[in-house]
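Dropping target_35.cif in here (mmCIF, C-alpha atoms):
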data_model
#
loop_
_atom_site.label_atom_id
_atom_site.label_comp_id
_atom_site.auth_asym_id
_atom_site.auth_seq_id
_atom_site.Cartn_x
_atom_site.Cartn_y
_atom_site.Cartn_z
CA MET A 1 -29.22 -2.09 -70.04
CA SER A 2 -27.67 0.80 -68.11
CA LEU A 3 -29.49 4.03 -67.27
CA VAL A 4 -27.82 7.17 -68.68
CA LEU A 5 -28.14 10.39 -66.64
CA GLN A 6 -27.27 13.71 -68.30
CA PRO A 7 -27.48 17.33 -67.08
CA PRO A 8 -30.80 19.01 -67.95
CA GLU A 9 -28.97 21.93 -69.56
CA PRO A 10 -25.31 22.83 -70.32
CA SER A 11 -25.16 25.46 -67.56
CA LYS A 12 -25.91 22.80 -64.92
CA ASN A 13 -23.18 20.29 -65.77
CA ASP A 14 -20.64 21.22 -63.08
CA LEU A 15 -19.48 19.01 -60.23
CA ASN A 16 -21.26 20.90 -57.43
CA THR A 17 -24.61 20.64 -59.21
CA LEU A 18 -24.06 16.91 -59.71
CA LEU A 19 -23.12 16.30 -56.07
CA SER A 20 -26.07 18.33 -54.82
CA ALA A 21 -28.48 16.38 -57.02
CA LEU A 22 -27.07 13.04 -55.90
CA GLU A 23 -27.26 14.06 -52.24
CA LYS A 24 -30.93 15.04 -52.55
CA ASN A 25 -31.83 11.88 -54.47
CA LYS A 26 -29.77 9.17 -52.76
CA ASP A 27 -32.67 6.78 -52.29
CA TRP A 28 -33.81 7.20 -55.90
CA LEU A 29 -30.26 6.65 -57.19
CA GLU A 30 -29.91 3.47 -55.13
CA GLU A 31 -33.23 2.27 -56.55
CA MET A 32 -32.09 3.02 -60.12
CA ILE A 33 -28.80 1.16 -59.64
CA ILE A 34 -30.66 -1.92 -58.41
CA LYS A 35 -33.29 -1.67 -61.15
CA ASN A 36 -30.88 -1.09 -64.06
CA SER A 37 -27.74 -2.80 -62.69
CA ALA A 38 -25.69 0.17 -63.96
CA VAL A 39 -26.05 3.96 -64.02
CA LEU A 40 -23.88 6.09 -66.32
CA LEU A 41 -23.30 9.81 -65.64
CA ARG A 42 -22.66 11.48 -69.01
CA GLY A 43 -21.95 15.07 -69.98
CA PHE A 44 -20.99 16.41 -66.55
CA ASN A 45 -18.04 18.79 -66.47
CA ILE A 46 -15.90 17.29 -63.70
CA LYS A 47 -12.54 19.06 -63.73
CA GLU A 48 -11.67 19.02 -60.03
CA HIS A 49 -8.55 17.22 -58.92
CA ARG A 50 -8.97 14.14 -56.77
CA LYS A 51 -7.97 15.23 -53.28
CA LYS A 52 -7.24 11.83 -51.74
CA ILE A 53 -5.57 8.66 -52.97
CA ILE A 54 -6.27 5.45 -51.05
CA LEU A 55 -3.94 2.46 -51.48
CA TYR A 56 -4.59 -1.03 -50.15
CA CYS A 57 -2.00 -3.82 -50.12
CA GLU A 58 -3.61 -7.16 -50.94
CA ILE A 59 -0.37 -8.95 -51.89
CA PRO A 60 2.96 -7.44 -50.77
CA PRO A 61 5.88 -8.12 -53.12
CA PRO A 62 8.69 -10.42 -51.97
CA GLU A 63 11.22 -7.77 -52.96
CA GLY A 64 10.98 -4.11 -53.99
CA GLY A 65 7.64 -2.57 -54.92
CA GLU A 66 7.77 0.27 -52.40
CA THR A 67 5.54 3.31 -52.88
CA PRO A 68 7.72 6.43 -52.76
CA PHE A 69 6.05 9.74 -51.95
CA THR A 70 7.51 13.24 -51.86
CA PRO A 71 6.19 16.40 -50.14
CA SER A 72 5.74 18.54 -53.22
CA PHE A 73 6.38 21.85 -51.44
CA ARG A 74 9.94 20.63 -50.85
CA VAL A 75 10.42 20.32 -54.60
CA THR A 76 9.25 23.92 -55.06
CA GLU A 77 11.59 25.13 -52.33
CA GLN A 78 14.61 23.38 -53.85
CA MET A 79 13.83 24.51 -57.39
CA LEU A 80 13.42 28.12 -56.21
CA GLU A 81 16.70 27.90 -54.35
CA GLU A 82 18.68 26.46 -57.26
CA ILE A 83 17.09 27.89 -60.43
CA PRO A 84 14.66 30.68 -59.44
CA GLU A 85 14.85 32.40 -62.83
CA VAL A 86 13.59 29.32 -64.68
CA VAL A 87 10.80 28.74 -62.16
CA ALA A 88 9.74 32.38 -62.54
CA GLU A 89 9.69 32.11 -66.35
CA ILE A 90 7.58 28.95 -66.37
CA GLU A 91 5.23 30.40 -63.74
CA GLU A 92 4.71 33.48 -65.90
CA LYS A 93 4.14 31.60 -69.16
CA GLY A 94 2.38 28.51 -67.79
CA LEU A 95 2.68 24.92 -69.01
CA LYS A 96 1.29 23.08 -72.00
CA TYR A 97 0.92 19.30 -72.10
CA THR A 98 0.60 17.41 -75.37
CA PHE A 99 -0.27 13.72 -75.51
CA ILE A 100 -0.81 11.37 -78.44
CA ALA A 101 -3.22 8.49 -77.90
CA LEU A 102 -3.00 5.92 -80.67
CA SER A 103 -5.88 3.79 -81.87
CA LYS A 104 -6.25 0.46 -80.08
CA LYS A 105 -5.55 -1.14 -83.46
CA ASP A 106 -2.12 0.50 -83.61
CA THR A 107 0.50 -1.81 -82.09
CA SER A 108 3.51 0.38 -82.87
CA SER A 109 3.61 1.84 -79.37
CA MET A 110 4.76 -0.01 -76.27
CA ARG A 111 2.05 1.75 -74.25
CA GLY A 112 -0.51 -0.68 -75.65
CA ARG A 113 -3.49 1.52 -74.84
CA GLY A 114 -5.54 3.30 -77.46
CA TRP A 115 -7.76 6.37 -77.16
CA GLU A 116 -10.79 4.10 -77.01
CA ASP A 117 -9.57 2.73 -73.68
CA ALA A 118 -8.30 6.08 -72.43
CA PHE A 119 -11.61 7.86 -73.07
CA GLY A 120 -13.88 4.88 -72.39
CA THR A 121 -15.64 5.08 -75.76
CA SER A 122 -15.11 4.21 -79.42
CA ASP A 123 -17.41 7.00 -80.63
CA HIS A 124 -15.55 10.02 -82.05
CA GLU A 125 -18.11 12.60 -81.00
CA GLU A 126 -18.34 11.23 -77.46
CA ALA A 127 -14.53 11.20 -77.19
CA GLU A 128 -14.49 14.86 -78.22
CA ARG A 129 -17.13 15.74 -75.63
CA ARG A 130 -15.20 13.99 -72.88
CA THR A 131 -11.88 15.64 -73.71
CA ASN A 132 -13.52 19.05 -74.00
CA ALA A 133 -15.14 18.52 -70.59
CA LEU A 134 -11.64 18.07 -69.20
CA GLY A 135 -10.53 21.37 -70.73
CA MET A 136 -8.50 19.72 -73.51
CA ASP A 137 -8.23 20.53 -77.19
CA MET A 138 -8.01 17.47 -79.43
CA GLY A 139 -7.41 16.61 -83.05
CA TRP A 140 -7.68 13.41 -85.08
CA LEU A 141 -4.55 12.00 -86.71
CA PRO A 142 -4.34 10.24 -90.11
CA ASN A 143 -3.29 7.00 -88.40
CA GLY A 144 -6.52 6.85 -86.39
CA GLY A 145 -5.05 8.23 -83.20
CA VAL A 146 -5.69 11.55 -81.48
CA THR A 147 -3.56 14.34 -80.10
CA THR A 148 -4.71 16.17 -76.98
CA ILE A 149 -3.43 19.51 -75.72
CA LEU A 150 -3.96 20.88 -72.22
CA GLY A 151 -2.88 24.34 -71.22
CA PRO A 152 -1.95 26.79 -70.08
CA ARG A 153 -1.54 25.11 -66.69
CA PRO A 154 0.25 26.38 -63.57
CA LEU A 155 3.62 25.11 -62.44
CA THR A 156 2.83 25.39 -58.73
CA ARG A 157 -0.39 25.70 -56.73
CA VAL A 158 -1.36 26.86 -53.25
CA PHE A 159 -4.25 24.92 -51.69
CA ASN A 160 -6.34 25.79 -48.65
CA GLY A 161 -5.39 24.26 -45.32
CA ARG A 162 -1.80 23.48 -46.26
CA LYS A 163 0.06 26.35 -44.57
CA GLY A 164 0.19 28.48 -47.72
CA ARG A 165 2.88 26.26 -49.20
CA ARG A 166 3.50 26.31 -52.93
CA MET A 167 3.01 22.77 -54.15
CA TRP A 168 4.93 21.47 -57.18
CA PHE A 169 1.66 20.60 -58.90
CA ASN A 170 2.55 19.51 -62.43
CA THR A 171 3.59 16.49 -64.52
CA VAL A 172 6.64 17.95 -66.23
CA VAL A 173 9.03 15.14 -65.27
CA SER A 174 6.68 12.31 -66.29
CA MET A 175 5.62 13.88 -69.62
CA HIS A 176 8.64 15.83 -70.87
CA GLY A 177 10.24 14.33 -73.98
CA LYS A 178 8.54 10.94 -73.69
CA GLU A 179 7.49 8.63 -76.53
CA LEU A 180 3.99 10.02 -76.94
CA SER A 181 3.92 13.07 -74.69
CA SER A 182 5.59 16.41 -74.17
CA ALA A 183 5.59 19.20 -71.64
CA THR A 184 6.57 22.68 -72.78
CA MET A 185 5.91 26.24 -71.73
CA ALA A 186 2.50 27.43 -72.86
CA ASP A 187 4.00 29.60 -75.61
CA GLY A 188 5.66 26.53 -77.11
CA SER A 189 9.19 27.23 -75.89
CA GLU A 190 11.08 24.24 -74.57
CA ILE A 191 11.83 23.53 -70.93
CA PRO A 192 15.61 22.96 -70.66
CA GLU A 193 16.52 19.29 -70.28
CA ARG A 194 18.81 20.12 -67.34
CA VAL A 195 15.86 21.66 -65.50
CA VAL A 196 13.69 18.57 -65.96
CA LYS A 197 16.59 16.31 -64.96
CA ARG A 198 17.32 18.27 -61.81
CA CYS A 199 13.65 18.32 -60.87
CA GLY A 200 13.53 14.53 -61.13
CA GLU A 201 16.62 14.27 -58.94
CA ILE A 202 15.06 16.50 -56.27
CA ILE A 203 11.87 14.44 -56.25
CA GLU A 204 14.00 11.34 -55.73
CA GLU A 205 16.19 12.92 -53.04
CA GLU A 206 13.18 14.14 -51.03
CA SER A 207 11.16 10.94 -51.36
CA ILE A 208 10.05 8.69 -48.51
CA GLN A 209 9.97 4.96 -49.26
CA PHE A 210 6.89 3.13 -47.99
CA LYS A 211 7.38 -0.65 -47.81
CA TRP A 212 4.13 -2.61 -47.90
CA GLN A 213 2.77 -5.23 -45.53
CA LYS A 214 -0.34 -7.28 -46.26
CA GLY A 215 -3.63 -5.58 -45.38
CA GLU A 216 -2.23 -2.08 -44.94
CA VAL A 217 -4.20 0.95 -46.13
CA LEU A 218 -2.38 4.18 -47.00
CA PHE A 219 -4.16 7.53 -47.43
CA LEU A 220 -2.29 10.19 -49.40
CA ASP A 221 -3.08 13.88 -49.82
CA ASN A 222 -3.05 14.08 -53.61
CA LEU A 223 -2.74 17.89 -53.53
CA ALA A 224 0.40 17.84 -51.40
CA LEU A 225 2.29 14.66 -52.28
CA LEU A 226 3.90 13.21 -55.39
CA HIS A 227 3.91 9.42 -55.45
CA GLY A 228 5.13 6.54 -57.60
CA ARG A 229 6.02 2.86 -57.55
CA ARG A 230 9.32 1.00 -57.32
CA PRO A 231 10.01 -2.05 -59.51
CA SER A 232 9.40 -5.34 -57.74
CA LEU A 233 9.50 -9.09 -58.03
CA PRO A 234 6.06 -10.67 -58.52
CA PRO A 235 3.54 -11.11 -57.13
CA ARG A 236 2.45 -7.61 -56.07
CA LYS A 237 -1.13 -6.36 -55.80
CA VAL A 238 -1.76 -2.88 -54.44
CA LEU A 239 -5.24 -1.53 -55.17
CA VAL A 240 -5.91 2.18 -55.61
CA ALA A 241 -8.95 4.45 -55.32
CA THR A 242 -9.31 8.21 -55.56
CA CYS A 243 -11.91 10.48 -54.02
CA LYS A 244 -12.84 14.13 -53.64
#
Take the structure from the file and write it as structure tokens.
Amino acid sequence: MSLVLQPPEPSKNDLNTLLSALEKNKDWLEEMIIKNSAVLLRGFNIKEHRKKIILYCEIPPPEGGETPFTPSFRVTEQMLEEIPEVVAEIEEKGLKYTFIALSKKDTSSMRGRGWEDAFGTSDHEEAERRTNALGMDMGWLPNGGVTTILGPRPLTRVFNGRKGRRMWFNTVVSMHGKELSSATMADGSEIPERVVKRCGEIIEEESIQFKWQKGEVLFLDNLALLHGRRPSLPPRKVLVATCK
């Protein structure tokens, strides 16, 4: 049976409070993990972006399977050079992301992943707590699925220690006009298809292709780089971890 740890009061559920408590009680936490075999942290409001992505190649693919990554400030620079008026409008209004997560019993979608898997629970109230902790609004659909809305969100961000560069810090290309997701301006107005298309082209043009060899470890700055995965022949096994 796992041990469940929750914040003592709502005002103390932020990430810094959690990290401070874990740092002061490392020995106790280690003891609890051994004693209970599992420790669950529940109810903490962890909204910070993961700063690092760590990739490890266990099995390199025989063909393809590269990991492309793009300096995101270069995307901002190109978009500002080509369509500054659109960038300015989206920056002013902000972005809104909408995503529909079906029930795991619904097989109509090719995504094959229900909200139970996405949120790590089958309890409606717990799912609501977890989405709210992430700053999302959610609503239940008649078919058993849920719709989540996140916004307004910025189009670009400037992070400390990165030369003041404006990073293209959004998921417009991956979410816009997809089967179960959409990306619009925060007021509901549509982002022109040509803008999304051109953004995707710039990301591709500026990308660096990393070809894997067995045993390699790649650290990526998640606040400054966009990354993806090329199609490949099997087998391919690249493990991923994120950290603050």
(message) Suppose a student applies the PyMOL selection byres ((chain A and resi 69-81) around 7) to this structure; what residues should they get, written as a ChimeraX atom specification?
(response) /A:67-68,82-84,87,165-168,202-203,206-209,224-228
(request) Would you please work out which residue, of A:Ile34, A:Ala118, A:Ala186, A:Met138, is nearest to Gly151 in chain A when using only C-alpha atoms? (result)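 The closest residue to Gly151 in chain A is A:Ala186.
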(request) Using all atoms listed in the file, pick whichever of A:Leu55, A:Val195, A:Ile149, A:Leu3 has the shortest atom-to-atom distance to Ser37 in chain A. (result)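 When distances to Ser37 in chain A are compared using all atoms listed in the file, the smallest one comes from A:Leu3.
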(request) Can you work out the spacing between CA of Lys51 in chain A and CA of Asn132 in chain A in Å, to one decimal? (result) 21.8 Å
(message) If we count all atoms listed in the file and set the cut-off at 9 Å, which residues sit around Ile90 in chain A, ignoring sequence neighbours fewer than 6 positions away in its own chain? Please answer as an MDAnalysis selection string.
(response) chainID A and resid 154:155 185:186 191
(request) Calculate how many Å separate CA of Glu125 in chain A from CA of Leu5 in chain A, rounding to one decimal. (result)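 CA of Glu125 in chain A sits 17.7 Å away from CA of Leu5 in chain A.
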(request) Rounded to one decimal place, report the CA of Tyr56 in chain A-CA of Arg230 in chain A distance in Å. (result)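 CA of Arg230 in chain A lies 15.8 Å from CA of Tyr56 in chain A.
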(request) Specify as a PyMOL selection string each residue included when the PyMOL selection byres ((chain A and resi 214) around 7) is applied to this file. (result) chain A and resi 57-60+212-213+215-216
(request) List every protein, DNA or RNA residue that has an atom no more than 8 Å from (1.7, 18.1, -66.8) in the file's coordinate frame, counting only C-alpha atoms, and report them as a list in words. (result)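 Residues satisfying the cut-off, written out: Leu95, Lys96, Tyr97, Arg153, Asn170, Thr171, Val172, Ser174, Met175 and Ala183 of chain A.
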(request) Take the point (13.6, 15.8, -66.3) in the file's coordinates, draw a sphere of radius 9 Å around it, and report as a PyMOL selection string every protein, DNA or RNA residue with an atom inside or on it, counting all atoms listed in the file. (result) chain A and resi 172-177+192-201
(request) I would like the residues chosen by the PyMOL selection byres ((chain A and resi 146) around 8) on the shown file; could you give them as a PyMOL selection string? (result) chain A and resi 100-103+115+138-141+144-145+147-148
(message) From the options A:Leu218, A:Leu41, A:Trp28, A:Val238, which residue's atoms come nearest to Arg130 in chain A, counting all atoms listed in the file?
(response)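 For Arg130 in chain A, the nearest of the candidates is A:Leu41.
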